[in-house]
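Participant: Below you will find the structure I want to go over with you.
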Amino acid sequence: MGMTMTQKILAAHAGLDTVKAGQLIKAKLDLVLGNDITSPVAINEFEKSGFDQVFDTEKIAMVMDHFVPNKDIKAAQQCKQCRSFAKSFSIKNYFDVGDMGIEHALLPEKGLVAPGELVIGADSHTCTYGALGAFSTGVGSTDMAAGMATGEGWFKVPAAIKFNVTGKLQKGVSGKDVILYIIGKIGVDGALYKSMEFSGEGLQNLSMDDRLCMANMAIEAGAKNGIFEVDDVTKAYVDGRVNRDYAVYKADADAEYEQVIDIDLSKIPSTVACPHLPENTKSAAELTDIKPDQVVIGSCTNGRISDMAAAAAILKGRHVANGVRCIIIPATQAIYKECIQKGYIETFIDAGCVVSTPTCGPCLGGYMGILAEDEIAVATTNRNFVGRMGHVTSKIYLASPEVAAATAVNGHITDPSTL
Amino acid sequence: MKAQGFVHKYGDNVDTDVIIPARYLNTANHKELAAHCMEDIDADFVKNVKPGDIIVGGANFGCGSSREHAPIAIKESGVSCVIAKTFARIFFRNSINIGLAILECEEASEKIGAGDEVSIDFDTGVITNLTKNETYQAEPFPDFIKDIIHSGGLLKSLKEKQNG
């Protein structure tokens, strides 16, 4: 029996010829990631257990992105602890205010992840890098500490669901709509413990930003990882960023999949996930009576340059509706700068939006846009759980940047094709 | 190893945002985290929980954010075990890695009610509902995971191996 892409990467990193679903393995790590929320817990565990060195100073990334620039004294203490750890252990890829960005936008941009690599991160959206044909998965702080100490991690080899992608997206529809549509179809535990493997002739019609967005939300279907077959789009993105050799793994023709799901991109409408689970999806066109108090465009899911471009195209020459607060957050300094160079920031401000320095802030109810009692948000973020962005009675609708921008303009949820 | 306590019962898809909201993630202090455990799903949990109590959830317990603060808050609250139909995978890893006992058992998840008194034998995986006089069989852990739990967590087990 052949192997899936994920199984091949795991086998190669475990030093095994083959692995099969369910097998427990120990594998070598190419990168271990943490942020300002999860690293302090990892550092405490690392120190408490008596480890006094890291496995490789170049294969650990620490990104201060959740509560920075620091929202309060406690958050500042946590960053100080990370900064001090990174300094004393000479962690090369430590990113602080001034050069940080939202981790899952930043690492691919900096060329820190390449196809075929194995990455763990103490952040659930670490699965984003599957867009590059890497195996990457979210873990907890103790796994991060163990990874930093030993350069190895334990894994249960996942079974897989194959998504056979065909067709081409309609205008105004993007990767976010595709992944929300998929989660709506299979449910928030539809891929529990499994890989979501994306292949098929339709991939050529998905940009790298679309793929990063889709892989990012694999976790919202319960998946261990989401992974895309490497093609010319991947190579065009990686070349010039990654300056080391990398391996490209293709699934075997006889690889075993628990399920094969056909996705025709041309059939997917602008899709929105209603409170309080990402699986509660409807088409944007069905939700025109929903009037948000706040719109957020940004996050590790949708804070990339094509997301900014999509929002700018809609907001250009228009104005945010009365009573709506629109917060736009480019995900990295490079994206922020490109937004300035392309005139997007001016467009956003003229349209009545506020633009923030990169931060995860509002997505997880940290700061920079917390919701009050009963308030409604339309957000390009990834989770609409109870209380996620603020008050326990507030509500979140998850959408693409196109839908979010059109909604901000009209004051109610809007299918961008109707604008 | 055994546990016994009264049950706090929840439904499917209990996410880590309701177990410990992100507004409290500006600390890694276990006691401070426990003071807000389950706050957005059960505001009275912290008042009602007693040492040894057991949480019973439905499918996909612990989904969402990878924050280890979630199992830490539960463990620090005095909860002796979480039983669910299924666990989200990162929560599952984290619980094992920090030594919070968890068991997957569909029958127990369905039949145990709020307030039931339950005892658990971790060696056999047998869950006894003392209130309803029923027993349920949970999936036993593979040896690899038992080793981590017996060492008191992943790092202790790694350190033991490193020290030979």
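Letters for chains follow the order of the structure tokens (A, B, ...), residue numbers begin at 1 for each chain, and ligand numbers begin at 1 in the order shown.
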Could you work out which residues of chain A fall inside 6 Å of chain B? Count only C-alpha atoms, and format the result as a list in words.
Facilitator: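 So the residues of chain A near chain B are Val41, Lys74, Ala75, Asp123, Ser124, Val139, Gly140, Tyr193 and Gly366 of chain A.
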Participant: Report the residues of chain B whose backbone DSSP state falls under strand (DSSP E), written as an MDAnalysis selection string.
Facilitator: chainID B and resid 2:9 54:56 81:84 102:104 117:121 126:129 134:137
Participant: Just the selected residues (C-alpha atoms), exported as a compact mmCIF listing (two decimals), in the first residue's frame, please.
Facilitator:
```
# COMPACT_ATOMS: atom_id res chain seq x y z
CA LYS B 2 -7.81 5.50 40.48
CA ALA B 3 -9.98 8.62 40.54
CA GLN B 4 -13.37 9.34 42.04
CA GLY B 5 -15.58 12.41 42.00
CA PHE B 6 -18.73 14.17 40.90
CA VAL B 7 -19.43 15.03 37.29
CA HIS B 8 -19.64 18.39 35.49
CA LYS B 9 -21.29 17.63 32.17
CA ILE B 54 -14.66 14.74 36.73
CA ILE B 55 -15.55 16.60 33.54
CA VAL B 56 -17.60 14.71 30.96
CA CYS B 81 -10.11 13.20 34.77
CA VAL B 82 -11.85 14.38 31.61
CA ILE B 83 -14.00 11.83 29.80
CA ALA B 84 -15.28 12.56 26.29
CA ILE B 102 -8.25 11.85 29.91
CA LEU B 103 -10.33 8.97 28.60
CA GLU B 104 -12.24 8.47 25.36
CA GLU B 117 -20.60 10.16 41.18
CA VAL B 118 -18.09 8.27 39.08
CA SER B 119 -14.97 6.24 39.81
CA ILE B 120 -12.28 5.37 37.28
CA ASP B 121 -9.67 2.63 37.24
CA VAL B 126 -13.18 0.74 33.59
CA ILE B 127 -15.42 3.68 34.46
CA THR B 128 -17.99 2.99 37.20
CA ASN B 129 -21.05 5.20 37.58
CA GLU B 134 -23.37 1.14 35.56
CA THR B 135 -19.90 0.44 34.18
CA TYR B 136 -18.36 1.53 30.89
CA GLN B 137 -15.11 0.44 29.22
```
Participant: Just give me the gap between CA of Phe163 in chain A and CA of Ile261 in chain A in Å, one decimal is fine.
Facilitator: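 Computing the Euclidean distance for CA of Phe163 in chain A and CA of Ile261 in chain A yields 4.9 Å.
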Participant: Do you know which residues are at most 6 Å from range 174-188 of chain A counting only C-alpha atoms, after dropping those on the same chain fewer than 6 positions away, and could you put them as a list in words?
Facilitator: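 Those residues are Asp210, Met214, Glu220, Ala221, Gly222, Ser270, Thr271, Glu279, Thr281 and Ser400 of chain A.
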Participant: Let's have the selection written as a CSV table (one decimal), in the first residue's frame, with N, CA, C and O atoms.
Facilitator:
```csv
chain,number,residue,atom,x,y,z
A,210,ASP,N,-4.3,32.0,-1.4
A,210,ASP,CA,-5.5,31.2,-1.2
A,210,ASP,C,-5.2,29.9,-0.5
A,210,ASP,O,-5.9,29.4,0.4
A,214,MET,N,-6.4,28.4,3.2
A,214,MET,CA,-7.1,27.1,3.3
A,214,MET,C,-6.4,26.1,4.3
A,214,MET,O,-7.1,25.5,5.1
A,220,GLU,N,-9.7,23.8,11.9
A,220,GLU,CA,-11.1,24.1,12.2
A,220,GLU,C,-12.0,22.9,11.7
A,220,GLU,O,-13.2,22.9,12.0
A,221,ALA,N,-11.4,22.0,11.0
A,221,ALA,CA,-12.1,20.8,10.7
A,221,ALA,C,-11.6,19.6,11.5
A,221,ALA,O,-11.9,18.5,11.3
A,222,GLY,N,-10.7,20.0,12.5
A,222,GLY,CA,-10.2,19.0,13.4
A,222,GLY,C,-8.9,18.3,12.9
A,222,GLY,O,-8.4,17.5,13.6
A,270,SER,N,-19.7,32.9,-2.3
A,270,SER,CA,-19.2,33.6,-1.2
A,270,SER,C,-19.8,33.0,0.0
A,270,SER,O,-21.1,33.0,0.1
A,271,THR,N,-19.0,32.5,1.0
A,271,THR,CA,-19.5,31.7,2.1
A,271,THR,C,-19.2,32.3,3.4
A,271,THR,O,-18.1,32.9,3.6
A,279,GLU,N,-18.5,25.5,11.2
A,279,GLU,CA,-19.2,24.6,10.3
A,279,GLU,C,-20.6,25.2,10.0
A,279,GLU,O,-21.3,24.6,9.1
A,281,THR,N,-22.2,27.1,8.1
A,281,THR,CA,-22.0,28.0,6.9
A,281,THR,C,-23.3,28.2,6.1
A,281,THR,O,-24.2,27.3,6.1
A,400,SER,N,-14.7,36.0,4.0
A,400,SER,CA,-13.5,36.3,3.2
A,400,SER,C,-13.3,37.9,3.3
A,400,SER,O,-14.2,38.6,3.7
```
Participant: Got a sec: who's within 7 Å of Val260 in chain A, counting only C-alpha atoms, leaving out chain neighbours fewer than 4 positions off, as a ChimeraX atom specification?
Facilitator: /A:161-164
Participant: Hey, can you spit out that residue selection with all heavy atoms as a PDB file, in the first residue's frame?
Facilitator:
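Saved to result_31.pdb:
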```pdb
ATOM      1  N   ILE A 161      -7.875  12.415   4.214  1.00  0.00           N
ATOM      2  CA  ILE A 161      -8.993  12.673   3.303  1.00  0.00           C
ATOM      3  C   ILE A 161      -8.404  13.425   2.120  1.00  0.00           C
ATOM      4  O   ILE A 161      -7.645  14.378   2.304  1.00  0.00           O
ATOM      5  CB  ILE A 161     -10.075  13.555   3.966  1.00  0.00           C
ATOM      6  CG1 ILE A 161     -10.634  12.890   5.221  1.00  0.00           C
ATOM      7  CG2 ILE A 161     -11.200  13.853   2.968  1.00  0.00           C
ATOM      8  CD1 ILE A 161     -11.648  13.757   5.978  1.00  0.00           C
ATOM      9  N   LYS A 162      -8.725  12.962   0.915  1.00  0.00           N
ATOM     10  CA  LYS A 162      -8.207  13.636  -0.276  1.00  0.00           C
ATOM     11  C   LYS A 162      -9.280  14.566  -0.851  1.00  0.00           C
ATOM     12  O   LYS A 162     -10.435  14.171  -0.995  1.00  0.00           O
ATOM     13  CB  LYS A 162      -7.824  12.584  -1.317  1.00  0.00           C
ATOM     14  CG  LYS A 162      -7.279  13.163  -2.609  1.00  0.00           C
ATOM     15  CD  LYS A 162      -6.882  12.029  -3.538  1.00  0.00           C
ATOM     16  CE  LYS A 162      -6.402  12.556  -4.873  1.00  0.00           C
ATOM     17  NZ  LYS A 162      -5.903  11.477  -5.713  1.00  0.00           N
ATOM     18  N   PHE A 163      -8.863  15.786  -1.142  1.00  0.00           N
ATOM     19  CA  PHE A 163      -9.761  16.732  -1.803  1.00  0.00           C
ATOM     20  C   PHE A 163      -9.284  16.892  -3.229  1.00  0.00           C
ATOM     21  O   PHE A 163      -8.187  17.398  -3.472  1.00  0.00           O
ATOM     22  CB  PHE A 163      -9.769  18.071  -1.060  1.00  0.00           C
ATOM     23  CG  PHE A 163     -10.384  17.956   0.309  1.00  0.00           C
ATOM     24  CD1 PHE A 163      -9.617  17.564   1.403  1.00  0.00           C
ATOM     25  CD2 PHE A 163     -11.739  18.179   0.495  1.00  0.00           C
ATOM     26  CE1 PHE A 163     -10.188  17.420   2.664  1.00  0.00           C
ATOM     27  CE2 PHE A 163     -12.325  18.031   1.748  1.00  0.00           C
ATOM     28  CZ  PHE A 163     -11.543  17.650   2.835  1.00  0.00           C
ATOM     29  N   ASN A 164     -10.098  16.407  -4.147  1.00  0.00           N
ATOM     30  CA  ASN A 164      -9.757  16.466  -5.563  1.00  0.00           C
ATOM     31  C   ASN A 164     -10.336  17.761  -6.130  1.00  0.00           C
ATOM     32  O   ASN A 164     -11.543  17.880  -6.343  1.00  0.00           O
ATOM     33  CB  ASN A 164     -10.325  15.221  -6.260  1.00  0.00           C
ATOM     34  CG  ASN A 164      -9.966  15.205  -7.714  1.00  0.00           C
ATOM     35  OD1 ASN A 164      -8.888  15.676  -8.091  1.00  0.00           O
ATOM     36  ND2 ASN A 164     -10.867  14.714  -8.540  1.00  0.00           N
TER      37      ASN A 164
END
```
Participant: Can you measure CA of Gln7 in chain A to CA of Leu192 in chain A for me? One decimal in Å is fine.
Facilitator: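 Rounded to one decimal, the two atoms are 16.3 Å apart.
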Participant: List the spatial neighbours of Thr4 in chain A as a PDB file with C-alpha atoms, in the first residue's frame - criterion: any atom at most 9 Å away, only C-alpha atoms, same-chain residues fewer than 5 positions off excluded.
Facilitator:
```pdb
ATOM      1  CA  ILE A   9       7.250  13.362   4.936  1.00  0.00           C
ATOM      2  CA  ALA A 159      -5.044   8.716   7.902  1.00  0.00           C
ATOM      3  CA  ALA A 160      -6.125  11.127   5.189  1.00  0.00           C
ATOM      4  CA  SER A 195      -4.618  14.938   7.030  1.00  0.00           C
ATOM      5  CA  GLU A 197      -4.631  16.503   1.242  1.00  0.00           C
ATOM      6  CA  TYR A 249       6.809  14.588  -1.950  1.00  0.00           C
ATOM      7  CA  LYS A 250       3.935  13.347  -4.085  1.00  0.00           C
ATOM      8  CA  ALA A 251       1.343  10.886  -2.864  1.00  0.00           C
ATOM      9  CA  ASP A 252       1.688   7.379  -4.312  1.00  0.00           C
ATOM     10  CA  ALA A 253      -0.923   6.399  -6.886  1.00  0.00           C
ATOM     11  CA  ASP A 254      -2.122   3.675  -4.504  1.00  0.00           C
ATOM     12  CA  ALA A 255      -2.049   5.816  -1.361  1.00  0.00           C
ATOM     13  CA  GLU A 256      -4.914   5.012   0.979  1.00  0.00           C
ATOM     14  CA  TYR A 257      -7.550   7.677   1.652  1.00  0.00           C
TER      15      TYR A 257
END
```
Participant: Considering only C-alpha atoms, can you say which of A:Gly34, A:Gly151, A:Phe95, A:Met144 comes closest to His13 in chain A?
Facilitator: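 For His13 in chain A, the nearest of the candidates is A:Gly151.
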Participant: Need the shell around Pro362 in chain A: protein/DNA/RNA residues with any atom at most 9 Å away, counting only C-alpha atoms. Skip same-chain ones fewer than 2 positions apart. Format as a list in words?
Facilitator: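 Non-adjacent residues within range: Val296, Ser299, Thr359, Cys360, Leu364, Gly365, Gly366, Tyr367, Met368, Gly369, Ile370, Leu371, Thr381, Arg388, Met389 and Gly390 of chain A.
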Participant: Using only C-alpha atoms, which of the listed residues (A:Lys59, A:Lys87, A:Lys235, A:Arg304) sits closest to Ile120 in chain A?
Facilitator: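 Closest candidate: A:Lys59.
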Participant: Rank A:Gly298, A:Glu373, A:Met100, A:Val324 by their smallest atom-to-atom distance to Val355 in chain A, using only C-alpha atoms, and report the top residue only.
Facilitator: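 Using only C-alpha atoms, the shortest distance to Val355 in chain A belongs to A:Gly298.
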Participant: To one decimal place in Å, what is the distance between CA of Ile37 in chain A and CA of Gly138 in chain A?
Facilitator: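 According to the coordinates, CA of Ile37 in chain A and CA of Gly138 in chain A are separated by 13.8 Å.
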Participant: Write down as a PyMOL selection string the residues of chain B whose backbone DSSP state falls under helix (DSSP H, G or I).
Facilitator: chain B and resi 16-19+22-24+30-34+45-48+69-76+89-98+106-111+143-151+154-162
Participant: Need the shell around His276 in chain A: protein/DNA/RNA residues with any atom at most 6 Å away, counting only C-alpha atoms. Skip same-chain ones fewer than 5 positions apart. Format as a ChimeraX atom specification?
Facilitator: /A:384-386
